[in-house]
file data-v6.tsv (TSV, C-alpha atoms)
chain	number	residue	atom	x	y	z
J	91	MET	CA	16.74	-19.97	24.26
J	92	VAL	CA	16.13	-20.45	20.53
J	93	ALA	CA	14.89	-17.96	17.94
J	94	LEU	CA	13.62	-19.09	14.53
J	95	ILE	CA	13.86	-16.32	11.93
J	96	THR	CA	12.42	-16.60	8.43
J	97	GLY	CA	14.13	-14.53	5.78
J	98	GLY	CA	17.06	-14.54	8.19
J	99	SER	CA	19.92	-14.41	5.69
J	100	SER	CA	19.82	-10.68	4.84
J	101	GLY	CA	18.20	-7.32	5.53
J	102	MET	CA	15.94	-7.08	8.56
J	103	GLY	CA	16.06	-10.82	9.11
J	104	LEU	CA	19.82	-10.79	9.52
J	105	GLU	CA	19.55	-7.82	11.87
J	106	TYR	CA	17.01	-9.73	13.99
J	107	ALA	CA	19.55	-12.56	14.09
J	108	ARG	CA	22.37	-10.23	15.20
J	109	GLN	CA	20.39	-8.57	17.95
J	110	LEU	CA	18.93	-11.83	19.23
J	111	ALA	CA	22.36	-13.49	19.20
J	112	GLY	CA	23.53	-10.53	21.27
J	113	ARG	CA	20.78	-11.42	23.77
J	114	GLY	CA	22.07	-15.01	23.94
J	115	TYR	CA	19.58	-16.72	21.64
J	116	ASP	CA	20.64	-19.71	19.57
J	117	LEU	CA	19.46	-19.18	16.01
J	118	ILE	CA	17.63	-21.05	13.27
J	119	LEU	CA	17.75	-19.06	10.04
J	120	VAL	CA	15.46	-19.98	7.15
J	121	SER	CA	15.83	-18.55	3.65
J	122	ASN	CA	15.66	-19.42	-0.04
J	123	ARG	CA	19.09	-17.82	-0.61
J	124	GLU	CA	21.60	-20.56	0.00
J	125	GLY	CA	24.76	-18.49	-0.43
J	126	GLU	CA	23.55	-15.76	1.90
J	127	LEU	CA	22.57	-18.36	4.50
J	128	ALA	CA	26.08	-19.79	4.53
J	129	SER	CA	27.58	-16.31	4.85
J	130	ALA	CA	25.19	-15.38	7.67
J	131	GLU	CA	25.95	-18.61	9.55
J	132	SER	CA	29.69	-18.02	9.25
J	133	SER	CA	29.64	-14.37	10.33
J	134	LEU	CA	27.21	-14.85	13.21
J	135	SER	CA	29.04	-17.90	14.56
J	136	ALA	CA	32.31	-15.96	14.49
J	137	GLU	CA	30.85	-12.92	16.24
J	138	TYR	CA	28.59	-14.45	18.90
J	139	PRO	CA	28.94	-17.46	21.25
J	140	VAL	CA	25.67	-19.03	20.10
J	141	GLN	CA	24.64	-22.00	17.97
J	142	VAL	CA	23.53	-21.06	14.45
J	143	ARG	CA	21.59	-23.52	12.30
J	144	THR	CA	20.28	-22.83	8.81
J	145	ARG	CA	17.60	-24.26	6.57
J	146	PHE	CA	17.50	-23.59	2.85
J	147	GLN	CA	13.79	-23.55	1.93
J	148	ASP	CA	11.35	-21.70	-0.30
J	149	LEU	CA	8.65	-20.50	2.09
J	150	ALA	CA	6.41	-19.37	-0.77
J	151	LEU	CA	5.43	-22.99	-1.54
J	152	PRO	CA	2.03	-24.22	-0.28
J	153	ARG	CA	3.32	-26.79	2.27
J	154	ALA	CA	6.34	-24.79	3.39
J	155	ALA	CA	5.10	-24.06	6.92
J	156	ASP	CA	4.22	-27.69	7.64
J	157	GLU	CA	7.58	-28.92	6.34
J	158	LEU	CA	9.50	-26.40	8.45
J	159	TYR	CA	7.45	-27.26	11.54
J	160	GLU	CA	8.00	-31.01	11.02
J	161	TRP	CA	11.74	-30.42	10.53
J	162	CYS	CA	11.93	-28.58	13.87
J	163	ARG	CA	9.77	-31.07	15.73
J	164	ALA	CA	11.91	-33.96	14.47
J	165	ASP	CA	14.76	-32.42	16.52
J	166	GLY	CA	12.47	-31.59	19.44
J	167	ILE	CA	12.66	-27.85	18.76
J	168	VAL	CA	9.92	-25.44	19.77
J	169	PRO	CA	11.50	-21.98	19.47
J	170	ASP	CA	11.17	-19.50	22.29
J	171	LEU	CA	10.72	-16.78	19.66
J	172	LEU	CA	9.38	-17.12	16.12
J	173	VAL	CA	10.11	-14.16	13.84
J	174	ASN	CA	7.97	-14.31	10.69
J	175	ASN	CA	10.05	-11.88	8.65
J	176	ALA	CA	10.29	-13.40	5.15
J	177	GLY	CA	8.57	-11.28	2.52
J	178	MET	CA	8.53	-10.18	-1.09
J	179	PHE	CA	7.60	-6.96	-2.88
J	180	PHE	CA	6.80	-5.67	-6.36
J	181	PHE	CA	5.36	-2.40	-7.60
J	182	LYS	CA	3.38	-2.53	-10.83
J	183	GLU	CA	-0.05	-2.69	-12.42
J	184	LEU	CA	-1.31	-6.28	-12.21
J	185	GLU	CA	-1.61	-8.38	-15.35
J	186	GLU	CA	-2.39	-12.00	-16.13
J	187	ALA	CA	1.34	-12.67	-16.43
J	188	ASP	CA	1.71	-11.78	-12.74
J	189	LEU	CA	-0.59	-14.52	-11.42
J	190	ASP	CA	2.24	-16.84	-10.38
J	191	LYS	CA	4.02	-14.00	-8.59
J	192	VAL	CA	0.76	-12.99	-6.91
J	193	GLN	CA	0.18	-16.55	-5.73
J	194	ALA	CA	3.72	-16.74	-4.34
J	195	MET	CA	3.10	-13.54	-2.34
J	196	LEU	CA	-0.21	-14.87	-1.02
J	197	ASN	CA	1.49	-18.12	-0.01
J	198	LEU	CA	4.42	-16.35	1.66
J	199	HIS	CA	2.59	-13.52	3.44
J	200	VAL	CA	-0.68	-15.25	4.28
J	201	THR	CA	-0.59	-19.06	4.16
J	202	THR	CA	2.93	-19.67	5.46
J	203	ILE	CA	2.83	-17.07	8.22
J	204	THR	CA	-0.64	-18.14	9.35
J	205	ARG	CA	0.32	-21.81	9.53
J	206	LEU	CA	3.68	-21.15	11.21
J	207	SER	CA	1.98	-18.93	13.79
J	208	LEU	CA	-0.64	-21.57	14.53
J	209	LEU	CA	1.63	-24.62	14.45
J	210	PHE	CA	4.34	-23.14	16.64
J	211	GLY	CA	1.80	-21.09	18.61
J	212	MET	CA	-0.06	-24.22	19.68
J	213	ALA	CA	3.23	-25.85	20.72
J	214	MET	CA	4.15	-22.73	22.70
J	215	LYS	CA	0.67	-22.74	24.25
J	216	GLU	CA	1.18	-26.33	25.39
J	217	ARG	CA	4.55	-25.38	26.88
J	218	GLY	CA	3.12	-22.23	28.47
J	219	SER	CA	5.57	-19.71	27.05
J	220	GLY	CA	6.86	-18.14	23.85
J	221	TYR	CA	6.78	-15.14	21.55
J	222	ILE	CA	5.69	-14.69	17.94
J	223	LEU	CA	6.74	-11.58	16.03
J	224	ASN	CA	5.01	-11.06	12.68
J	225	VAL	CA	6.32	-8.42	10.28
J	226	SER	CA	3.54	-6.48	8.59
J	227	SER	CA	4.01	-3.00	7.12
J	228	MET	CA	2.72	0.55	7.12
J	229	ALA	CA	1.29	-0.54	3.74
J	230	ALA	CA	-1.36	-2.43	5.74
J	231	ARG	CA	-3.09	0.97	5.96
J	232	LEU	CA	-2.38	2.00	2.36
J	233	PRO	CA	-4.68	0.25	-0.17
J	234	VAL	CA	-3.18	2.01	-3.18
J	235	PRO	CA	-2.49	0.93	-6.78
J	236	GLY	CA	0.89	-0.59	-7.58
J	237	ILE	CA	1.11	-2.48	-4.29
J	238	THR	CA	-2.36	-4.01	-4.51
J	239	ILE	CA	-1.46	-7.50	-3.28
J	240	TYR	CA	1.33	-6.40	-0.96
J	241	SER	CA	-0.83	-3.95	1.00
J	242	ALA	CA	-3.74	-6.43	1.16
J	243	THR	CA	-1.57	-9.22	2.57
J	244	LYS	CA	0.06	-6.89	5.07
J	245	ALA	CA	-3.40	-5.72	6.22
J	246	TYR	CA	-4.30	-9.38	6.77
J	247	LEU	CA	-1.18	-9.89	8.88
J	248	ARG	CA	-1.96	-6.87	11.04
J	249	SER	CA	-5.52	-8.08	11.68
J	250	PHE	CA	-4.53	-11.73	12.14
J	251	GLY	CA	-1.69	-10.98	14.54
J	252	LYS	CA	-3.71	-8.65	16.76
J	253	SER	CA	-6.58	-11.13	17.03
J	254	LEU	CA	-4.27	-14.09	17.68
J	255	SER	CA	-2.54	-12.17	20.46
J	256	PHE	CA	-5.78	-12.09	22.46
J	257	GLU	CA	-6.24	-15.84	22.02
J	258	LEU	CA	-2.71	-16.85	23.05
J	259	LYS	CA	-1.84	-14.33	25.76
J	260	PRO	CA	-3.77	-16.18	28.52
J	261	TYR	CA	-1.52	-19.20	27.85
J	262	GLY	CA	1.75	-17.30	28.24
J	263	VAL	CA	2.35	-16.70	24.52
J	264	GLY	CA	2.88	-13.17	23.22
J	265	VAL	CA	2.05	-12.20	19.64
J	266	THR	CA	3.34	-8.87	18.35
J	267	THR	CA	2.85	-7.41	14.88
J	268	VAL	CA	5.30	-4.75	13.73
J	269	CYS	CA	4.26	-2.38	10.93
J	270	PRO	CA	7.43	-0.67	9.69
J	271	ALA	CA	7.48	2.34	7.41
J	272	ALA	CA	10.31	2.47	4.85
J	273	ILE	CA	13.40	0.51	5.95
J	274	ALA	CA	16.81	0.48	4.26
J	275	THR	CA	16.81	-3.08	2.90
J	276	PRO	CA	17.10	-4.57	-0.62
J	277	LEU	CA	13.34	-5.28	-0.63
J	278	TYR	CA	12.42	-2.06	-2.45
J	279	ASN	CA	15.20	-2.16	-5.08
J	280	LEU	CA	16.19	1.48	-4.51
J	281	SER	CA	19.52	2.74	-5.81
J	282	PRO	CA	22.22	3.24	-3.13
J	283	LYS	CA	22.06	7.00	-3.75
J	284	MET	CA	18.29	7.16	-3.15
J	285	MET	CA	18.57	4.82	-0.14
J	286	ASN	CA	21.27	6.95	1.49
J	287	LEU	CA	19.28	10.13	0.85
J	288	GLY	CA	16.17	8.59	2.39
J	289	VAL	CA	18.10	7.55	5.51
J	290	LYS	CA	19.76	10.96	5.77
J	291	ILE	CA	16.44	12.84	5.78
J	292	ARG	CA	14.87	10.13	7.99
J	293	LEU	CA	12.19	9.09	5.52
J	294	ILE	CA	13.88	5.69	5.58
J	295	HIS	CA	15.15	4.06	8.78
J	296	THR	CA	17.90	1.51	9.26
J	297	PRO	CA	17.21	-2.15	10.07
J	298	GLU	CA	19.05	-1.69	13.39
J	299	TRP	CA	16.66	1.09	14.41
J	300	LEU	CA	13.57	-0.91	13.48
J	301	VAL	CA	14.63	-4.23	15.01
J	302	ARG	CA	15.49	-2.64	18.37
J	303	ARG	CA	11.99	-1.22	18.59
J	304	ALA	CA	10.29	-4.38	17.36
J	305	LEU	CA	12.07	-6.61	19.88
J	306	ARG	CA	11.45	-4.16	22.71
J	307	ALA	CA	7.73	-4.17	21.88
J	308	THR	CA	7.68	-7.96	21.63
J	309	PHE	CA	9.24	-8.55	25.04
J	310	LYS	CA	6.97	-5.91	26.58
J	311	GLY	CA	3.93	-7.79	25.26
J	312	ARG	CA	2.63	-5.14	22.88
J	313	ARG	CA	0.16	-6.38	20.29
J	314	VAL	CA	0.86	-3.94	17.43
J	315	VAL	CA	3.74	-1.51	17.06
J	316	SER	CA	4.06	1.07	14.26
J	317	PRO	CA	7.43	2.83	14.60
J	318	SER	CA	8.31	6.03	12.71
J	319	LEU	CA	6.53	9.36	12.42
J	320	MET	CA	5.71	8.41	8.82
J	321	ASN	CA	3.26	5.88	10.28
J	322	VAL	CA	1.48	8.78	11.96
J	323	TRP	CA	1.05	11.20	9.06
J	324	LEU	CA	1.29	9.32	5.74
J	325	PRO	CA	-1.68	6.87	5.91
J	326	PRO	CA	-4.18	9.55	7.02
J	327	LEU	CA	-2.81	11.95	4.39
J	328	ILE	CA	-3.25	9.42	1.59
J	329	ALA	CA	-6.73	8.54	2.90
J	330	LEU	CA	-7.71	12.18	2.40
J	331	LEU	CA	-6.82	12.15	-1.30
J	332	PRO	CA	-9.90	12.30	-3.55
J	333	ASN	CA	-10.27	9.16	-5.69
J	334	ARG	CA	-9.94	11.24	-8.85
J	335	LEU	CA	-6.60	12.67	-7.69
J	336	GLU	CA	-5.32	9.26	-6.63
J	337	ALA	CA	-6.24	7.90	-10.08
J	338	ALA	CA	-4.42	10.80	-11.77
J	339	ILE	CA	-1.27	10.23	-9.68
J	340	TRP	CA	-1.30	6.51	-10.52
J	341	LYS	CA	-1.67	7.33	-14.23
J	342	LYS	CA	1.52	9.40	-14.00
J	343	LEU	CA	3.43	6.74	-12.04
J	344	LYS	CA	2.62	3.55	-13.91

call {"tool": "encode", "arguments": {"input": "data-v6.tsv", "output": "structure tokens"}}
result
Amino acid sequence: MVALITGGSSGMGLEYARQLAGRGYDLILVSNREGELASAESSLSAEYPVQVRTRFQDLALPRAADELYEWCRADGIVPDLLVNNAGMFFFKELEEADLDKVQAMLNLHVTTITRLSLLFGMAMKERGSGYILNVSSMAARLPVPGITIYSATKAYLRSFGKSLSFELKPYGVGVTTVCPAAIATPLYNLSPKMMNLGVKIRLIHTPEWLVRRALRATFKGRRVVSPSLMNVWLPPLIALLPNRLEAAIWKKLK
């Protein structure tokens, strides 16, 4: 069994790698962080009796998905599980200077994940088996200022993944979309003190906690999973805010 994990060198991606290696999966880790990839390969190979391969690649480039797919196919690899985990995040009011960063996020969250899901999904369909796990976010239900592009792309992933699951399930291919609330990873650039406090009061969960639930949902064939009580109360609470109050809060924050 082979699992291909994007953003697999750190954070949630590395935790997916650990837990899947523990299940006996050989690993292909893809990341744009070369040093972290080498470290992940070394530590995982030492800890688990599985094969670990790495690919240093920027998945935010327009043809990234096609190049990764062609690289795998050249070695005859169609993964049993594709984990589309790579992501980026920024919190700010958008300006013209942000256009390149916005385009990179659109490429990474929308274009690359869509094309990887379809390219590998069609190969899995032909084989008659496979799993695709796409990482969205609770932000998919939070169209709020500051994360304008992030929340929009995550909403796309939630919709895309759920629809694709209906198309591929009759052919033996499961598609699951996980929508985490806050997770203790470097993505949000929180200070260690704030991160530890968030974990302690359970507003933030650990990658281990999230990945266990995401993989369990994937192998059970669930289409969308939204772990954490925060997923239950925060989106409806924010939806109830009057527009005038939301605008006033944003004015204070920005």

call {"tool": "atom_distance", "arguments": {"input": "data-v6.tsv", "atom1": "CA of Tyr221 in chain J", "atom2": "CA of Leu254 in chain J"}}
result
11.8 Å

call {"tool": "closest_residue", "arguments": {"input": "data-v6.tsv", "among": "J:Gly220, J:Gly97, J:Gly112, J:Gly251", "to": "Leu172 in chain J", "atoms": "only C-alpha atoms"}}
result
J:Gly220

call {"tool": "residues_around", "arguments": {"input": "data-v6.tsv", "residues": "Leu184 in chain J", "least_positions_apart": "2", "cutoff": "12 Å", "atoms": "only C-alpha atoms", "output": "list in words"}}
result
Phe180, Phe181, Lys182, Glu186, Ala187, Asp188, Leu189, Asp190, Lys191, Val192, Pro235, Gly236, Ile237, Thr238, Ile239, Tyr240 and Lys344 of chain J

call {"tool": "residues_around", "arguments": {"input": "data-v6.tsv", "residues": "Ala154 in chain J", "least_positions_apart": "6", "cutoff": "8 Å", "atoms": "all atoms listed in the file", "output": "list in words"}}
result
Gln147, Asp148 and Thr202 of chain J

call {"tool": "atom_distance", "arguments": {"input": "data-v6.tsv", "atom1": "CA of Glu105 in chain J", "atom2": "CA of Thr296 in chain J"}}
result
9.8 Å
